[in-house]
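J.: Next comes work_5.cif, mmCIF, C-alpha atoms:
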```cif
data_upload
#
loop_
_atom_site.label_atom_id
_atom_site.label_comp_id
_atom_site.auth_asym_id
_atom_site.auth_seq_id
_atom_site.Cartn_x
_atom_site.Cartn_y
_atom_site.Cartn_z
CA MET O 1 23.55 -6.44 94.27
CA ARG O 2 21.12 -4.27 92.29
CA LEU O 3 18.36 -3.16 94.63
CA ALA O 4 14.89 -1.94 93.58
CA CYS O 5 12.76 -0.01 96.09
CA TRP O 6 9.06 0.36 95.33
CA GLN O 7 7.63 3.59 96.73
CA ALA O 8 4.02 2.57 96.22
CA ALA O 9 1.13 5.00 95.91
CA VAL O 10 -1.66 4.45 98.43
CA ARG O 11 -4.77 3.20 96.62
CA ARG O 12 -8.17 1.85 97.54
CA GLU O 13 -8.11 -1.59 95.94
CA ASP O 14 -8.88 -5.17 96.83
CA GLY O 15 -6.31 -7.78 97.70
CA GLU O 16 -6.34 -9.32 94.23
CA ARG O 17 -5.43 -6.04 92.60
CA ARG O 18 -2.64 -5.49 95.15
CA VAL O 19 -1.07 -8.81 94.18
CA GLU O 20 -1.42 -7.98 90.48
CA ARG O 21 0.22 -4.61 91.02
CA LEU O 22 3.09 -6.26 92.89
CA ALA O 23 3.61 -8.66 89.98
CA GLU O 24 3.69 -5.75 87.50
CA VAL O 25 6.28 -3.89 89.57
CA ALA O 26 8.38 -7.02 90.01
CA GLU O 27 8.53 -7.46 86.23
CA ARG O 28 9.55 -3.81 85.80
CA ALA O 29 12.27 -4.19 88.41
CA SER O 30 13.54 -7.36 86.78
CA ARG O 31 13.73 -5.74 83.34
CA ALA O 32 15.83 -2.97 84.91
CA GLY O 33 18.32 -5.54 86.20
CA ALA O 34 17.27 -5.67 89.87
CA ASP O 35 18.30 -8.62 92.02
CA LEU O 36 15.99 -7.72 94.92
CA LEU O 37 12.70 -5.81 95.17
CA VAL O 38 11.72 -4.22 98.52
CA THR O 39 8.14 -3.05 99.12
CA PRO O 40 6.58 -0.85 101.85
CA GLU O 41 5.23 -1.89 105.24
CA LEU O 42 2.12 -4.09 104.98
CA SER O 43 2.41 -3.82 101.21
CA LEU O 44 -0.25 -6.47 100.56
CA THR O 45 -2.97 -4.76 102.62
CA GLY O 46 -2.00 -1.11 103.04
CA TYR O 47 -1.04 0.29 106.42
CA HIS O 48 -4.52 1.35 107.53
CA ALA O 49 -6.37 -1.73 106.36
CA SER O 50 -9.67 -2.46 108.04
CA PRO O 51 -9.81 -5.20 110.70
CA ALA O 52 -11.78 -7.30 108.23
CA GLU O 53 -9.11 -6.93 105.55
CA LEU O 54 -6.31 -7.72 108.01
CA ALA O 55 -8.17 -10.84 109.11
CA ARG O 56 -8.90 -11.94 105.54
CA VAL O 57 -5.26 -11.62 104.46
CA ALA O 58 -3.96 -13.22 107.66
CA ASP O 59 -6.32 -16.17 107.21
CA GLY O 60 -5.17 -16.61 103.61
CA ALA O 61 -1.45 -16.25 104.35
CA THR O 62 -0.52 -19.65 102.92
CA VAL O 63 -2.05 -18.90 99.54
CA LEU O 64 -0.59 -15.39 99.64
CA ALA O 65 2.89 -16.77 100.31
CA GLU O 66 2.56 -19.12 97.35
CA ARG O 67 1.54 -16.25 95.07
CA ALA O 68 4.38 -14.02 96.27
CA ALA O 69 6.83 -16.88 95.71
CA GLY O 70 5.48 -17.28 92.21
CA ILE O 71 5.89 -13.57 91.49
CA ALA O 72 9.54 -13.70 92.59
CA ALA O 73 10.26 -16.85 90.58
CA ARG O 74 8.64 -15.55 87.39
CA ALA O 75 10.46 -12.22 87.65
CA GLY O 76 13.72 -13.91 88.62
CA LEU O 77 14.44 -11.67 91.61
CA ALA O 78 14.30 -11.82 95.39
CA LEU O 79 11.31 -10.12 97.00
CA LEU O 80 10.52 -8.59 100.40
CA TYR O 81 6.80 -8.04 101.08
CA GLY O 82 4.74 -7.12 104.13
CA PHE O 83 1.48 -8.65 105.39
CA PRO O 84 -0.48 -9.40 108.58
CA GLU O 85 0.57 -12.80 109.94
CA ARG O 86 -1.73 -14.82 112.19
CA SER O 87 -0.34 -17.11 114.89
CA GLY O 88 -2.93 -18.60 117.19
CA ALA O 89 -5.11 -15.79 118.50
CA VAL O 90 -2.72 -12.94 117.68
CA THR O 91 -1.70 -11.10 114.52
CA TYR O 92 1.75 -9.70 113.73
CA ASN O 93 2.93 -6.95 111.40
CA ALA O 94 5.25 -9.19 109.40
CA VAL O 95 7.60 -9.28 106.43
CA ARG O 96 8.90 -12.19 104.39
CA LEU O 97 11.96 -12.39 102.17
CA VAL O 98 11.93 -14.92 99.34
CA ASP O 99 14.82 -15.59 96.95
CA ARG O 100 14.75 -15.47 93.14
CA GLY O 101 13.45 -19.02 93.06
CA GLY O 102 10.58 -18.18 95.41
CA ALA O 103 11.99 -20.00 98.44
CA LEU O 104 11.46 -18.38 101.84
CA VAL O 105 14.81 -17.30 103.30
CA ALA O 106 13.76 -15.05 106.24
CA ALA O 107 10.67 -13.87 108.10
CA TYR O 108 10.40 -11.11 110.67
CA ARG O 109 7.68 -9.69 112.93
CA LYS O 110 7.82 -5.99 113.82
CA ALA O 111 9.25 -5.69 117.33
CA HIS O 112 8.48 -2.02 118.13
CA LEU O 113 4.85 -1.06 117.58
CA PHE O 114 4.04 2.61 117.03
CA GLY O 115 1.08 4.18 118.80
CA PRO O 116 -2.25 2.90 120.11
CA VAL O 117 -3.76 2.05 116.71
CA GLU O 118 -0.93 -0.29 115.79
CA ARG O 119 -0.82 -1.83 119.26
CA ALA O 120 -4.54 -2.53 119.06
CA ALA O 121 -4.15 -4.36 115.75
CA PHE O 122 -0.92 -6.30 116.28
CA ALA O 123 1.22 -8.11 118.81
CA ALA O 124 4.91 -7.23 118.99
CA GLY O 125 7.43 -9.70 117.61
CA ASP O 126 10.05 -11.06 120.00
CA HIS O 127 13.03 -11.66 117.69
CA GLY O 128 15.43 -8.74 117.32
CA VAL O 129 17.97 -9.76 114.70
CA VAL O 130 16.73 -11.76 111.70
CA GLN O 131 19.16 -12.30 108.83
CA ALA O 132 19.61 -14.23 105.61
CA GLY O 133 22.36 -14.72 103.06
CA LEU O 134 21.47 -13.26 99.67
CA GLY O 135 23.69 -12.48 96.70
CA GLY O 136 26.87 -12.79 98.76
CA LEU O 137 25.59 -10.32 101.38
CA THR O 138 24.14 -10.74 104.86
CA VAL O 139 20.69 -9.15 104.69
CA GLY O 140 18.79 -8.10 107.82
CA LEU O 141 15.10 -7.25 108.31
CA LEU O 142 13.37 -4.53 110.33
CA VAL O 143 10.05 -2.71 109.95
CA CYS O 144 9.56 1.08 110.11
CA TYR O 145 9.67 2.21 113.77
CA ASP O 146 12.28 -0.49 114.54
CA VAL O 147 15.02 1.48 112.76
CA GLU O 148 14.51 4.40 115.15
CA PHE O 149 16.09 2.33 117.92
CA PRO O 150 19.87 2.55 117.46
CA GLU O 151 20.44 -0.45 119.71
CA LEU O 152 18.66 -2.76 117.29
CA VAL O 153 20.51 -1.48 114.23
CA ARG O 154 23.82 -1.80 116.06
CA ALA O 155 22.90 -5.37 117.05
CA HIS O 156 22.48 -6.12 113.35
CA ALA O 157 25.88 -4.59 112.61
CA LEU O 158 27.58 -6.62 115.34
CA ARG O 159 26.13 -9.82 113.87
CA GLY O 160 27.38 -8.98 110.40
CA THR O 161 24.44 -7.44 108.56
CA ASP O 162 25.58 -5.72 105.34
CA LEU O 163 22.20 -4.58 104.04
CA LEU O 164 19.28 -3.72 106.32
CA LEU O 165 15.84 -3.78 104.66
CA VAL O 166 13.29 -1.50 106.33
CA PRO O 167 9.79 -1.38 104.80
CA SER O 168 7.96 1.61 106.26
CA ALA O 169 4.72 3.59 106.53
CA LEU O 170 6.27 6.90 107.60
CA ALA O 171 3.74 9.75 107.71
CA ARG O 172 4.06 13.49 108.11
CA PRO O 173 5.36 15.29 110.13
CA TRP O 174 8.10 12.69 110.72
CA GLU O 175 10.21 13.36 107.61
CA LEU O 176 13.20 13.70 109.96
CA VAL O 177 13.33 9.91 110.28
CA ALA O 178 14.00 9.33 106.59
CA GLU O 179 16.07 12.44 106.01
CA THR O 180 18.30 12.32 109.10
CA LEU O 181 18.01 9.11 111.11
CA VAL O 182 18.25 6.63 108.25
CA PRO O 183 21.57 7.97 106.85
CA ALA O 184 22.87 8.29 110.42
CA ARG O 185 21.99 4.67 111.21
CA ALA O 186 23.76 3.52 108.06
CA PHE O 187 26.86 5.58 108.86
CA GLU O 188 27.16 4.79 112.56
CA SER O 189 26.63 1.05 112.07
CA GLN O 190 28.57 0.78 108.80
CA LEU O 191 25.94 -0.91 106.66
CA TYR O 192 23.45 -0.14 103.89
CA VAL O 193 19.90 0.76 104.90
CA ALA O 194 17.08 0.48 102.36
CA TYR O 195 14.14 2.45 103.76
CA VAL O 196 11.06 1.94 101.57
CA ASN O 197 7.92 3.97 102.20
CA TRP O 198 4.40 4.61 100.92
CA ALA O 199 3.44 7.81 99.06
CA GLY O 200 0.15 9.73 99.05
CA SER O 201 -2.74 9.78 101.50
CA ASP O 202 -5.20 7.14 102.66
CA GLY O 203 -7.46 9.68 104.36
CA LEU O 204 -5.92 9.01 107.77
CA ASP O 205 -2.25 9.75 107.12
CA VAL O 206 -0.21 11.57 104.50
CA TYR O 207 2.83 9.43 103.81
CA CYS O 208 6.19 11.09 103.36
CA GLY O 209 7.59 9.12 100.46
CA LEU O 210 11.32 9.83 100.92
CA THR O 211 12.26 6.24 100.09
CA ARG O 212 16.03 5.96 100.09
CA VAL O 213 19.05 3.69 100.21
CA ALA O 214 21.75 5.07 102.52
CA GLY O 215 25.26 3.67 102.34
CA PRO O 216 27.77 2.93 105.10
CA ASP O 217 29.41 6.28 104.37
CA GLY O 218 26.11 8.06 105.15
CA ARG O 219 25.49 9.02 101.52
CA VAL O 220 22.04 8.50 99.99
CA ARG O 221 22.26 6.40 96.83
CA THR O 222 18.79 7.12 95.40
CA SER O 223 17.22 10.20 93.80
CA PRO O 224 14.50 12.06 95.75
CA ALA O 225 10.95 10.92 94.98
CA SER O 226 7.67 12.23 96.39
CA GLY O 227 5.12 10.17 94.45
CA SER O 228 4.88 6.58 93.26
CA ASP O 229 8.25 5.49 91.93
CA LEU O 230 10.64 2.58 91.51
CA LEU O 231 14.08 3.55 92.78
CA PHE O 232 17.34 1.70 92.19
CA ALA O 233 20.67 1.49 93.98
CA ASP O 234 23.73 -0.74 93.86
CA VAL O 235 24.93 -2.38 97.06
CA ARG O 236 28.68 -2.89 96.75
CA ARG O 237 31.07 -4.91 98.89
CA ASP O 238 33.98 -2.56 98.17
CA VAL O 239 32.00 0.41 99.52
CA LEU O 240 31.28 -1.52 102.70
CA ASP O 241 34.94 -2.46 103.12
CA GLU O 242 36.20 1.08 102.49
CA ALA O 243 33.69 2.70 104.86
CA ARG O 244 34.41 0.20 107.63
CA ALA O 245 38.14 0.87 107.29
CA ALA O 246 37.70 4.65 107.28
CA THR O 247 35.37 4.85 110.28
CA PRO O 248 35.91 1.71 112.38
CA TYR O 249 33.16 2.33 114.91
CA LEU O 250 32.53 -1.35 115.51
CA ALA O 251 36.19 -2.12 116.19
CA ASP O 252 36.68 0.97 118.37
CA ARG O 253 33.70 0.40 120.65
CA ARG O 254 34.30 0.00 124.39
CA PRO O 255 31.27 -2.05 125.45
CA GLU O 256 32.51 -2.35 129.03
CA LEU O 257 31.66 1.35 129.47
CA TYR O 258 28.02 0.89 128.48
CA SER O 259 27.20 -2.54 129.80
CA ASP O 260 23.95 -1.15 131.24
CA LEU O 261 22.73 -0.13 127.77
CA THR O 262 19.83 -2.59 127.80
CA ALA O 263 18.88 -1.98 131.43
CA GLU O 264 15.85 0.25 131.96
CA ALA O 265 16.87 3.64 133.25
CA PRO O 266 15.14 4.62 136.51
CA HIS O 267 13.47 7.66 134.94
CA VAL O 268 11.97 5.73 131.99
CA ARG O 269 8.29 4.85 132.31
CA SER O 270 6.27 2.75 129.88
#
```
What is this file in structure tokens?
T.:
Amino acid sequence: MRLACWQAAVRREDGERRVERLAEVAERASRAGADLLVTPELSLTGYHASPAELARVADGATVLAERAAGIAARAGLALLYGFPERSGAVTYNAVRLVDRGGALVAAYRKAHLFGPVERAAFAAGDHGVVQAGLGGLTVGLLVCYDVEFPELVRAHALRGTDLLLVPSALARPWELVAETLVPARAFESQLYVAYVNWAGSDGLDVYCGLTRVAGPDGRVRTSPASGSDLLFADVRRDVLDEARAATPYLADRRPELYSDLTAEAPHVRS
């Protein structure tokens, strides 16, 4: 699978222009031979969208989904995009994956919310492992802070995820997450991780960029990029097979020794 990762520059623009920009990038990715385009966290609003903008997009989610499906179908590639999703009285930080024909194949709501601002805007999702088959691979979905929990990434690995898509809004000074944790997660759970971030500043945060695809051998497959860029990487079954044979962490686990892994430790306080 040829993977395109859009490290988008933060811009002040309305929702219509955001959709147009996504369509332009999708066409560029398609011309470069991409099978799948991954965009940053909340790519159709921006991470620090106003409550009014979040509400407007959430209320128009059906139309938005139709337009995103059309973008994927016209470009002939699968697409992962992020948006605020309304369900009843609550709003979720959500992503949707559509295939090259525009059909919805997976949807995920961010399970681990970061900080008081995000918790004030969104409810936490309650599904940990969401997967779909795409291009002969099992593709899993997380959002930003989720990947910092090794238990959740390992749960994906145990259920057969080959490629983990992680749209993000990582800001300074947390470069460590992209530079160290993402390759470590890929290596220790023997899968590919595509970590796709914003670049630039929205006046509230300065985003790290550092979009990357890390392989199951821990090696980063993309070139460094600090500004707006479209990065490409190939996800290969033979690399997965070789890495899993060389470092068989999943086969060598002894889960009976850490059966209390999901129990709350007595010293942990919320």
J.: Out of O:Ser228, O:Leu42, O:Ala69, O:Pro51, which residue has the shortest atom-to-atom distance to Ser201 (chain O) when counting only C-alpha atoms?
T.: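 Of all the options, O:Ser228 lies closest to Ser201 (chain O).
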J.: Could you pull the residues within 9 Å of Ala29 (chain O), counting all atoms listed in the file, minus those fewer than 6 positions along the same chain, as a PyMOL selection string?
T.: chain O and resi 3-6+35-37+75+77+230+232
J.: Identify all residues satisfying the PyMOL selection byres ((chain O and resi 92) around 9) in the given file; provide them as a PyMOL selection string.
T.: chain O and resi 83-87+90-91+93-94+109-110+121-125
J.: Starting from the PyMOL selection byres ((chain O and resi 150) around 12), expand the selection into actual residues of this file and give them as a list in words.
T.: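 Selected by the PyMOL selection byres ((chain O and resi 150) around 12) in this file: Leu142, Tyr145, Asp146, Val147, Glu148, Phe149, Glu151, Leu152, Val153, Arg154, Ala155, His156, Ala157, Leu181, Val182, Ala184, Arg185, Ala186, Phe187, Glu188, Ser189, Leu261 and Thr262 of chain O.
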J.: Rank O:Ala169, O:Gly140, O:His48, O:Leu134 by their smallest atom-to-atom distance to Val117 (chain O), using all atoms listed in the file, and report the top residue only.
T.: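 Using all atoms listed in the file, Val117 (chain O) sits closest to O:His48.
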J.: Tell me which of O:Gly33, O:Gly82, O:Gly160, O:Gly115 sits closest to Gly133 (chain O), counting all atoms listed in the file.
T.: O:Gly160
J.: Go ahead and compute the interatomic distance for CA of Cys144 (chain O) and CA of Arg18 (chain O), in Å to one decimal.
T.: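 Here the two named atoms are 20.4 Å from each other.
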J.: Using only C-alpha atoms, pick whichever of O:Val130, O:Ala34, O:Val105, O:Leu164 has the shortest atom-to-atom distance to Arg2 (chain O).
T.: O:Ala34
J.: Please compute the CA of Ala61 (chain O)-CA of Phe114 (chain O) distance, one decimal, in Å.
T.: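 Distance reported for this atom pair: 23.4 Å.
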J.: Would you write out, as number ranges by chain, every residue that the PyMOL selection byres ((chain O and resi 65) around 12) captures in this file?
T.: O: 19, 44, 57-64, 66-72, 79-85, 95-98, 102-104, 107
J.: Determine the nearest neighbour of Glu118 (chain O) from the options O:Ala49, O:Pro224, O:Pro216, O:Arg56, counting only C-alpha atoms.
T.: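 Looking only at the distances to Glu118 (chain O), the closest residue turns out to be O:Ala49.
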J.: Quick one: everything within 9 Å of Ser168 (chain O), counting all atoms listed in the file, minus sequence neighbours fewer than 5 positions away in the same chain. Send it as number ranges by chain.
T.: O: 39-42, 143-145, 195-198, 211
J.: Calculate how many Å separate CA of Val10 (chain O) from CA of Gly209 (chain O), rounding to one decimal.
T.: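 Distance reported for this atom pair: 10.6 Å.
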J.: Some atoms are missing, so please complete region 182-201 of chain O with N, CA, C and O atoms and return it as a short mmCIF file (atom, residue, chain, number, x, y, z; two decimals), in the coordinates of the input.
T.:
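Wrote it out as part-v3.cif, contents follow:
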```
data_model
loop_
_atom_site.label_atom_id
_atom_site.label_comp_id
_atom_site.auth_asym_id
_atom_site.auth_seq_id
_atom_site.Cartn_x
_atom_site.Cartn_y
_atom_site.Cartn_z
N VAL O 182 17.86 7.77 109.09
CA VAL O 182 18.25 6.63 108.25
C VAL O 182 19.70 6.74 107.78
O VAL O 182 20.48 5.79 107.94
N PRO O 183 20.14 7.88 107.20
CA PRO O 183 21.57 7.97 106.85
C PRO O 183 22.48 7.86 108.07
O PRO O 183 23.58 7.28 107.98
N ALA O 184 22.04 8.40 109.21
CA ALA O 184 22.87 8.29 110.42
C ALA O 184 23.01 6.85 110.87
O ALA O 184 24.10 6.41 111.26
N ARG O 185 21.91 6.08 110.83
CA ARG O 185 21.99 4.67 111.21
C ARG O 185 22.96 3.91 110.29
O ARG O 185 23.74 3.08 110.74
N ALA O 186 22.88 4.19 109.00
CA ALA O 186 23.76 3.52 108.06
C ALA O 186 25.22 3.86 108.36
O ALA O 186 26.08 2.98 108.36
N PHE O 187 25.49 5.13 108.62
CA PHE O 187 26.86 5.58 108.86
C PHE O 187 27.41 5.05 110.18
O PHE O 187 28.52 4.50 110.23
N GLU O 188 26.63 5.16 111.25
CA GLU O 188 27.16 4.79 112.56
C GLU O 188 27.30 3.29 112.74
O GLU O 188 28.11 2.83 113.54
N SER O 189 26.52 2.50 111.97
CA SER O 189 26.63 1.05 112.07
C SER O 189 27.27 0.42 110.85
O SER O 189 27.35 -0.81 110.76
N GLN O 190 27.74 1.26 109.89
CA GLN O 190 28.57 0.78 108.80
C GLN O 190 27.90 -0.30 107.96
O GLN O 190 28.46 -1.37 107.70
N LEU O 191 26.67 0.00 107.52
CA LEU O 191 25.94 -0.91 106.66
C LEU O 191 25.04 -0.10 105.73
O LEU O 191 24.91 1.11 105.86
N TYR O 192 24.46 -0.77 104.75
CA TYR O 192 23.45 -0.14 103.89
C TYR O 192 22.09 -0.25 104.56
O TYR O 192 21.76 -1.29 105.16
N VAL O 193 21.28 0.80 104.44
CA VAL O 193 19.90 0.76 104.90
C VAL O 193 18.99 1.13 103.74
O VAL O 193 19.11 2.21 103.16
N ALA O 194 18.09 0.22 103.39
CA ALA O 194 17.08 0.48 102.36
C ALA O 194 15.76 0.74 103.06
O ALA O 194 15.17 -0.18 103.64
N TYR O 195 15.34 1.99 103.05
CA TYR O 195 14.14 2.45 103.76
C TYR O 195 13.07 2.73 102.71
O TYR O 195 13.21 3.66 101.91
N VAL O 196 12.02 1.93 102.68
CA VAL O 196 11.06 1.94 101.57
C VAL O 196 9.66 2.27 102.10
O VAL O 196 9.09 1.52 102.90
N ASN O 197 9.12 3.39 101.62
CA ASN O 197 7.92 3.97 102.20
C ASN O 197 6.78 4.05 101.19
O ASN O 197 6.96 3.94 99.98
N TRP O 198 5.58 4.29 101.72
CA TRP O 198 4.40 4.61 100.92
C TRP O 198 4.46 6.09 100.49
O TRP O 198 5.19 6.89 101.07
N ALA O 199 3.62 6.43 99.50
CA ALA O 199 3.44 7.81 99.06
C ALA O 199 1.95 8.09 98.93
O ALA O 199 1.17 7.19 98.60
N GLY O 200 1.55 9.34 99.18
CA GLY O 200 0.15 9.73 99.05
C GLY O 200 -0.59 9.68 100.37
O GLY O 200 0.01 9.57 101.44
N SER O 201 -1.90 9.73 100.30
CA SER O 201 -2.74 9.78 101.50
C SER O 201 -3.83 8.73 101.43
O SER O 201 -4.41 8.48 100.36
#
```
